[in-house]
$ cat upload_8.cif   # mmCIF, C-alpha atoms and all ligand atoms
data_query
loop_
_atom_site.label_atom_id
_atom_site.label_comp_id
_atom_site.auth_asym_id
_atom_site.auth_seq_id
_atom_site.Cartn_x
_atom_site.Cartn_y
_atom_site.Cartn_z
CA MET A 391 -1.49 43.80 -24.35
CA ALA A 392 -1.68 41.21 -21.64
CA GLN A 393 -4.04 38.26 -21.82
CA ILE A 394 -6.78 38.92 -19.25
CA ILE A 395 -7.47 35.63 -17.50
CA ASP A 396 -11.25 35.40 -17.38
CA GLY A 397 -12.09 33.55 -14.16
CA LYS A 398 -15.78 34.15 -14.64
CA ARG A 399 -15.84 32.33 -17.97
CA ILE A 400 -13.50 29.54 -16.85
CA SER A 401 -15.46 28.94 -13.63
CA GLN A 402 -18.72 28.88 -15.60
CA GLU A 403 -17.33 26.21 -17.93
CA ILE A 404 -16.21 24.10 -14.97
CA LYS A 405 -19.59 24.53 -13.24
CA ASP A 406 -21.36 23.42 -16.40
CA SER A 407 -19.23 20.29 -16.63
CA LEU A 408 -19.81 19.54 -12.93
CA LYS A 409 -23.55 19.94 -13.52
CA VAL A 410 -23.40 17.26 -16.22
CA GLN A 411 -21.44 14.96 -13.84
CA VAL A 412 -24.05 15.44 -11.11
CA GLU A 413 -26.86 14.65 -13.58
CA GLU A 414 -25.09 11.43 -14.60
CA LEU A 415 -24.61 10.45 -10.96
CA LYS A 416 -28.30 11.12 -10.31
CA GLU A 417 -29.17 8.70 -13.11
CA GLN A 418 -27.21 6.09 -11.14
CA GLY A 419 -29.30 6.96 -8.07
CA LYS A 420 -26.48 8.90 -6.37
CA SER A 421 -26.82 12.38 -4.95
CA CYS A 422 -24.39 14.70 -3.27
CA THR A 423 -24.94 16.83 -0.14
CA LEU A 424 -22.90 19.71 1.27
CA VAL A 425 -23.53 21.02 4.78
CA VAL A 426 -22.49 24.61 5.48
CA ILE A 427 -22.27 25.76 9.10
CA GLN A 428 -22.24 29.46 9.93
CA ILE A 429 -21.90 30.69 13.50
CA GLY A 430 -23.08 34.24 14.11
CA ASN A 431 -24.03 36.70 11.39
CA ASP A 432 -20.87 38.27 10.05
CA PRO A 433 -22.16 40.03 6.89
CA ALA A 434 -19.25 38.92 4.66
CA SER A 435 -19.71 35.30 5.79
CA SER A 436 -23.44 35.51 5.04
CA VAL A 437 -22.65 36.59 1.46
CA TYR A 438 -20.12 33.74 1.02
CA VAL A 439 -22.58 31.19 2.43
CA ALA A 440 -25.40 32.46 0.17
CA ASN A 441 -23.08 32.18 -2.86
CA LYS A 442 -22.13 28.63 -1.91
CA LYS A 443 -25.81 27.66 -1.66
CA LYS A 444 -26.51 29.27 -5.04
CA ALA A 445 -23.66 27.36 -6.69
CA CYS A 446 -24.93 24.07 -5.16
CA GLU A 447 -28.38 24.75 -6.53
CA TYR A 448 -27.00 25.49 -10.02
CA ILE A 449 -24.93 22.31 -10.17
CA GLY A 450 -27.53 20.05 -8.53
CA ILE A 451 -25.75 19.45 -5.23
CA ASN A 452 -28.07 19.37 -2.19
CA SER A 453 -27.14 22.02 0.33
CA ARG A 454 -28.06 22.01 3.98
CA SER A 455 -27.18 24.90 6.19
CA TYR A 456 -26.95 25.48 9.91
CA GLU A 457 -27.08 29.14 10.83
CA LEU A 458 -26.29 29.06 14.54
CA PRO A 459 -26.22 31.94 17.03
CA GLU A 460 -22.98 33.65 18.07
CA GLU A 461 -23.42 32.19 21.61
CA THR A 462 -23.20 28.59 20.37
CA THR A 463 -20.64 26.80 22.53
CA GLU A 464 -17.62 24.98 21.20
CA ASP A 465 -19.01 21.71 22.59
CA GLU A 466 -22.34 22.21 20.80
CA LEU A 467 -20.53 22.80 17.51
CA LEU A 468 -18.26 19.77 18.04
CA GLU A 469 -21.34 17.65 18.75
CA LEU A 470 -22.97 18.83 15.49
CA ILE A 471 -19.79 18.04 13.53
CA ASP A 472 -19.65 14.54 15.08
CA GLU A 473 -23.26 13.95 14.08
CA LEU A 474 -22.59 15.09 10.49
CA ASN A 475 -19.39 13.03 10.30
CA HIS A 476 -21.52 9.94 11.01
CA ASP A 477 -24.37 10.88 8.67
CA SER A 478 -23.87 8.86 5.48
CA THR A 479 -26.15 11.20 3.51
CA VAL A 480 -23.67 14.07 4.08
CA HIS A 481 -20.62 14.18 1.78
CA GLY A 482 -19.06 17.56 2.54
CA ILE A 483 -18.92 19.66 5.72
CA LEU A 484 -17.81 23.28 5.70
CA CYS A 485 -17.55 25.49 8.74
CA GLN A 486 -17.50 29.10 7.57
CA LEU A 487 -14.57 31.13 8.92
CA PRO A 488 -13.98 33.26 10.87
CA LEU A 489 -15.44 31.51 13.91
CA PRO A 490 -16.42 33.53 17.00
CA LYS A 491 -13.47 34.37 19.29
CA HIS A 492 -14.55 31.94 22.03
CA MET A 493 -13.99 28.97 19.72
CA ASN A 494 -10.69 27.23 19.03
CA GLU A 495 -10.57 27.21 15.23
CA LYS A 496 -7.94 24.49 15.04
CA LYS A 497 -9.94 22.16 17.30
CA ILE A 498 -13.12 22.70 15.24
CA LEU A 499 -11.48 22.24 11.83
CA ASN A 500 -9.59 19.15 13.00
CA ARG A 501 -12.87 17.53 14.11
CA ILE A 502 -14.31 17.47 10.56
CA SER A 503 -13.72 14.04 9.03
CA PRO A 504 -10.84 14.33 6.50
CA GLN A 505 -13.08 12.47 4.03
CA LYS A 506 -15.74 15.23 4.30
CA ASP A 507 -13.27 18.12 4.60
CA VAL A 508 -14.13 19.78 1.27
CA ASP A 509 -12.27 22.95 2.33
CA GLY A 510 -9.02 20.96 2.47
CA PHE A 511 -8.08 22.46 5.84
CA HIS A 512 -7.66 19.25 7.89
CA PRO A 513 -4.00 18.39 8.69
CA GLU A 514 -4.47 14.97 7.09
CA ASN A 515 -5.40 16.59 3.76
CA VAL A 516 -2.62 19.16 4.12
CA GLY A 517 -0.24 16.23 4.71
CA HIS A 518 -1.52 14.43 1.59
CA LEU A 519 -0.73 17.54 -0.45
CA MET A 520 2.79 17.67 1.01
CA ILE A 521 3.59 14.09 -0.02
CA GLY A 522 1.72 14.18 -3.33
CA GLU A 523 -1.14 11.83 -2.43
CA PHE A 524 -4.83 12.22 -3.20
CA GLY A 525 -6.64 14.49 -0.76
CA PHE A 526 -8.79 17.58 -0.70
CA VAL A 527 -6.91 20.76 -1.57
CA SER A 528 -7.76 24.24 -0.32
CA CYS A 529 -10.12 25.74 -2.91
CA THR A 530 -8.49 29.08 -3.76
CA PRO A 531 -5.04 27.68 -4.63
CA ALA A 532 -6.65 24.75 -6.47
CA GLY A 533 -8.62 27.35 -8.46
CA VAL A 534 -5.41 29.20 -9.41
CA ILE A 535 -3.96 26.00 -10.90
CA GLU A 536 -7.16 25.50 -12.92
CA LEU A 537 -6.96 29.10 -14.18
CA LEU A 538 -3.37 28.64 -15.36
CA LYS A 539 -4.16 25.34 -17.07
CA ALA A 540 -7.33 26.62 -18.74
CA SER A 541 -5.31 29.60 -20.04
CA ASN A 542 -2.62 27.28 -21.51
CA ILE A 543 0.07 28.80 -19.30
CA SER A 544 2.81 26.24 -18.78
CA ILE A 545 4.10 25.87 -15.23
CA GLU A 546 6.86 23.26 -15.52
CA GLY A 547 10.35 24.68 -15.03
CA LYS A 548 9.07 28.22 -14.44
CA ASN A 549 10.24 30.47 -11.63
CA CYS A 550 7.19 30.95 -9.46
CA VAL A 551 7.09 33.44 -6.61
CA VAL A 552 4.22 33.19 -4.11
CA ILE A 553 3.74 36.17 -1.80
CA GLY A 554 1.89 35.06 1.35
CA ARG A 555 2.34 32.06 3.64
CA SER A 556 -1.13 31.46 5.08
CA ASN A 557 -2.29 27.89 5.65
CA ILE A 558 -5.30 28.51 3.39
CA VAL A 559 -3.61 30.16 0.39
CA GLY A 560 0.17 30.74 0.39
CA LYS A 561 1.47 27.41 1.66
CA PRO A 562 -0.87 25.11 -0.34
CA MET A 563 -0.35 27.35 -3.40
CA ALA A 564 3.41 26.86 -3.20
CA MET A 565 3.00 23.07 -2.81
CA LEU A 566 0.67 22.89 -5.81
CA MET A 567 3.09 24.85 -8.01
CA LEU A 568 5.88 22.54 -6.86
CA ARG A 569 3.70 19.54 -7.76
CA GLU A 570 3.41 21.09 -11.25
CA ASN A 571 7.24 21.20 -11.42
CA ALA A 572 7.73 24.95 -10.98
CA THR A 573 10.73 26.28 -9.04
CA VAL A 574 9.00 27.93 -6.11
CA THR A 575 9.95 30.79 -3.80
CA ILE A 576 7.67 31.77 -0.90
CA CYS A 577 7.84 35.40 0.25
CA HIS A 578 6.17 37.03 3.27
CA SER A 579 6.12 40.15 5.40
CA LYS A 580 9.69 39.56 6.68
CA THR A 581 11.22 38.90 3.25
CA ASN A 582 14.20 41.12 2.42
CA ASP A 583 14.29 42.76 -1.00
CA LEU A 584 10.84 41.59 -2.09
CA LYS A 585 10.99 43.66 -5.28
CA ASN A 586 14.07 41.92 -6.62
CA ILE A 587 12.74 38.46 -5.80
CA CYS A 588 9.43 39.24 -7.51
CA LYS A 589 11.31 40.54 -10.55
CA GLN A 590 12.73 37.02 -11.07
CA ALA A 591 9.23 35.53 -11.30
CA ASP A 592 7.85 34.06 -14.51
CA ILE A 593 4.65 33.48 -12.54
CA LEU A 594 3.91 35.81 -9.62
CA ILE A 595 1.07 34.80 -7.29
CA VAL A 596 0.07 37.55 -4.87
CA ALA A 597 -1.82 36.84 -1.64
CA ILE A 598 -0.43 39.63 0.48
CA GLY A 599 -3.68 41.17 1.79
CA LYS A 600 -2.77 44.79 0.98
CA PRO A 601 -4.71 46.73 -1.66
CA LYS A 602 -2.75 47.58 -4.86
CA TYR A 603 0.56 46.84 -3.12
CA ILE A 604 2.27 45.29 -6.16
CA ASN A 605 3.16 47.80 -8.89
CA GLU A 606 5.30 47.67 -12.05
CA GLU A 607 8.53 47.81 -10.00
CA TYR A 608 7.91 44.21 -8.89
CA ILE A 609 7.27 42.76 -12.33
CA LYS A 610 9.54 41.11 -14.89
CA GLU A 611 8.50 41.89 -18.46
CA GLY A 612 6.30 39.09 -19.80
CA ALA A 613 5.45 37.66 -16.36
CA VAL A 614 2.12 36.01 -15.54
CA VAL A 615 0.49 37.74 -12.54
CA ILE A 616 -2.19 36.09 -10.40
CA ASP A 617 -3.95 38.34 -7.88
CA VAL A 618 -5.63 36.54 -4.98
CA GLY A 619 -6.52 39.71 -3.02
CA ILE A 620 -9.88 41.41 -2.86
CA HIS A 621 -10.48 44.79 -1.22
CA ARG A 622 -12.44 48.00 -1.67
CA ASP A 623 -10.40 51.05 -2.65
CA ALA A 624 -10.97 54.66 -1.52
CA ASN A 625 -13.80 54.99 -4.08
CA ASN A 626 -15.46 51.79 -2.79
CA LYS A 627 -14.46 50.00 -6.00
CA LEU A 628 -13.22 46.40 -5.80
CA CYS A 629 -9.48 45.97 -6.27
CA GLY A 630 -6.82 43.35 -5.64
CA ASP A 631 -3.34 43.21 -4.09
CA VAL A 632 -1.97 44.19 -7.52
CA ASP A 633 -2.23 47.66 -9.03
CA PHE A 634 -3.80 46.38 -12.24
CA GLU A 635 -3.44 49.57 -14.31
CA ARG A 636 0.28 49.85 -13.59
CA VAL A 637 1.13 46.15 -13.89
CA GLU A 638 -0.98 45.00 -16.83
CA PRO A 639 1.10 46.74 -19.57
CA LEU A 640 4.20 44.79 -18.50
CA CYS A 641 2.87 41.27 -18.19
CA SER A 642 1.88 38.52 -20.62
CA ALA A 643 -1.22 37.48 -18.63
CA ILE A 644 -2.99 38.78 -15.54
CA THR A 645 -6.11 38.06 -13.50
CA PRO A 646 -8.54 40.96 -12.96
CA VAL A 647 -10.28 41.73 -9.65
CA PRO A 648 -13.17 41.04 -9.63
CA GLY A 649 -13.60 38.20 -12.12
CA GLY A 650 -10.23 36.46 -11.79
CA VAL A 651 -9.40 34.11 -8.92
CA GLY A 652 -12.57 34.85 -6.89
CA PRO A 653 -15.12 32.87 -8.94
CA MET A 654 -12.82 29.82 -8.97
CA THR A 655 -12.93 29.23 -5.20
CA ILE A 656 -16.58 28.15 -5.01
CA CYS A 657 -16.16 26.18 -8.20
CA MET A 658 -13.36 24.10 -6.60
CA LEU A 659 -15.51 23.61 -3.49
CA MET A 660 -18.24 22.11 -5.69
CA LYS A 661 -15.66 19.86 -7.37
CA ASN A 662 -14.41 18.67 -3.96
CA CYS A 663 -17.99 17.85 -2.84
CA ILE A 664 -18.56 15.68 -5.89
CA GLU A 665 -15.22 13.94 -5.32
CA ALA A 666 -16.12 13.35 -1.66
CA MET A 667 -19.29 11.61 -2.77
CA LYS A 668 -17.59 9.61 -5.55
CA TYR A 669 -14.62 8.39 -3.50
CA PHE A 670 -15.85 8.17 0.07
CA SER A 671 -19.52 7.17 0.07
N1 LIG A 701 -14.06 32.15 4.98
C1 LIG A 701 -13.53 32.82 3.93
N2 LIG A 701 -13.13 31.97 2.96
C2 LIG A 701 -13.41 30.72 3.42
C3 LIG A 701 -13.24 29.41 2.87
O1 LIG A 701 -12.73 29.20 1.77
N3 LIG A 701 -13.68 28.38 3.65
C4 LIG A 701 -14.22 28.58 4.87
N4 LIG A 701 -14.59 27.52 5.55
N5 LIG A 701 -14.38 29.77 5.41
C5 LIG A 701 -13.99 30.84 4.68
#

$ encode --input "upload_8.cif" --output "structure tokens" --more "lines below"
Ligand code: GUN
Amino acid sequence: MAQIIDGKRISQEIKDSLKVQVEELKEQGKSCTLVVIQIGNDPASSVYVANKKKACEYIGINSRSYELPEETTEDELLELIDELNHDSTVHGILCQLPLPKHMNEKKILNRISPQKDVDGFHPENVGHLMIGEFGFVSCTPAGVIELLKASNISIEGKNCVVIGRSNIVGKPMAMLMLRENATVTICHSKTNDLKNICKQADILIVAIGKPKYINEEYIKEGAVVIDVGIHRDANNKLCGDVDFERVEPLCSAITPVPGGVGPMTICMLMKNCIEAMKYFS
């Protein structure tokens, strides 16, 4: 039987320790503020934004939100970001993605001050990760590292295969595993012989974006499997990129969907906000 990595429990423990940190900072007269900007009313984004506000409230971080209409211009958004960059009461700025099509995502994300970039998307923070310096790290991959550590899964010297090369998950995930001294392979949609490469993995991290794509044919016996995907299957039930029922019997540890990686993302965002306040204000 595989160990089921309980992201819900682990994220709750981290949130509780962050809550204590925020209380201690408040006793020193310091408070922390996150600003979330949402453009338009994409239903999935509205759920994510609501969850972020709820987590802030639980931990004691002040949250301010700007829910702006779809027609907001790029210049108006850039002006708001400039204003928030200069506002010393604001410690973290997050612009919920996806942005409307008329906006240049790169231009918007690059305008957020690297010191307030709690998403870890700014090229300066990405660069810090590459060269092993302090900087904000994208929340989902940072959450995966926390899950592995909290589950006492050693990373050093292990063969780690990451499937997916997005700027938000795959690439930072690979860099973080490298920083933990794993031997890292990055696979993607053009990779030849994906099955055989995955079968070499002691730790397989899947961010492929295809429901239940990874089955037992991709898994080495005793591997640790981390599933970053989230989808709805034909019965409207949540599932990941990994076919849990077929993979679980083979592995030593696996994350479920829901309740694995998902809850860690917001938790890492909260941690980044507190660090922004501690180090940069
Ligand atoms: N949209 C979906 N996930 C994320 C995230 O982690 N950060 C931002 N800014 N937008 C998102």

$ residues_near_ligand --input "upload_8.cif" --ligand "ligand LIG 701 (chain A)" --cutoff "9 Å" --atoms "only C-alpha atoms and all ligand atoms" --output "JSON, numbers by chain"
{"A": [426, 427, 434, 435, 438, 439, 483, 484, 485, 486, 487, 488, 489, 499, 508, 509, 510, 511, 528, 529, 530, 558, 655, 656, 659]}

$ write_last_selection --input "upload_8.cif" --atoms "C-alpha atoms" --output "PDB file, keeping the file's coordinate frame"
ATOM      1  CA  VAL A 426     -22.490  24.610   5.480  1.00  0.00           C
ATOM      2  CA  ILE A 427     -22.270  25.760   9.100  1.00  0.00           C
ATOM      3  CA  ALA A 434     -19.250  38.920   4.660  1.00  0.00           C
ATOM      4  CA  SER A 435     -19.710  35.300   5.790  1.00  0.00           C
ATOM      5  CA  TYR A 438     -20.120  33.740   1.020  1.00  0.00           C
ATOM      6  CA  VAL A 439     -22.580  31.190   2.430  1.00  0.00           C
ATOM      7  CA  ILE A 483     -18.920  19.660   5.720  1.00  0.00           C
ATOM      8  CA  LEU A 484     -17.810  23.280   5.700  1.00  0.00           C
ATOM      9  CA  CYS A 485     -17.550  25.490   8.740  1.00  0.00           C
ATOM     10  CA  GLN A 486     -17.500  29.100   7.570  1.00  0.00           C
ATOM     11  CA  LEU A 487     -14.570  31.130   8.920  1.00  0.00           C
ATOM     12  CA  PRO A 488     -13.980  33.260  10.870  1.00  0.00           C
ATOM     13  CA  LEU A 489     -15.440  31.510  13.910  1.00  0.00           C
ATOM     14  CA  LEU A 499     -11.480  22.240  11.830  1.00  0.00           C
ATOM     15  CA  VAL A 508     -14.130  19.780   1.270  1.00  0.00           C
ATOM     16  CA  ASP A 509     -12.270  22.950   2.330  1.00  0.00           C
ATOM     17  CA  GLY A 510      -9.020  20.960   2.470  1.00  0.00           C
ATOM     18  CA  PHE A 511      -8.080  22.460   5.840  1.00  0.00           C
ATOM     19  CA  SER A 528      -7.760  24.240  -0.320  1.00  0.00           C
ATOM     20  CA  CYS A 529     -10.120  25.740  -2.910  1.00  0.00           C
ATOM     21  CA  THR A 530      -8.490  29.080  -3.760  1.00  0.00           C
ATOM     22  CA  ILE A 558      -5.300  28.510   3.390  1.00  0.00           C
ATOM     23  CA  THR A 655     -12.930  29.230  -5.200  1.00  0.00           C
ATOM     24  CA  ILE A 656     -16.580  28.150  -5.010  1.00  0.00           C
ATOM     25  CA  LEU A 659     -15.510  23.610  -3.490  1.00  0.00           C
TER      26      LEU A 659
END

$ closest_residue --input "upload_8.cif" --among "A:Asp583, A:Glu403, A:Glu466, A:Asp617" --to "A:Val596" --atoms "only C-alpha atoms"
A:Asp617

$ closest_residue --input "upload_8.cif" --among "A:Asn515, A:Asn494, A:Asn452, A:Ser401" --to "A:Asn557" --atoms "only C-alpha atoms"
A:Asn515

$ closest_residue --input "upload_8.cif" --among "A:Leu519, A:Pro459, A:Ala597, A:Thr581" --to "A:Val559" --atoms "only C-alpha atoms"
A:Ala597

$ closest_residue --input "upload_8.cif" --among "A:Thr479, A:Ser556, A:Leu566, A:Val425" --to "A:Pro531" --atoms "all atoms listed in the file"
A:Leu566

$ closest_residue --input "upload_8.cif" --among "A:Ile394, A:Lys506, A:Gln428, A:Leu584" --to "A:Lys668" --atoms "all atoms listed in the file"
A:Lys506

$ closest_residue --input "upload_8.cif" --among "A:Leu474, A:Ile449, A:Ala591, A:Ile395" --to "A:Gly649" --atoms "all atoms listed in the file"
A:Ile395
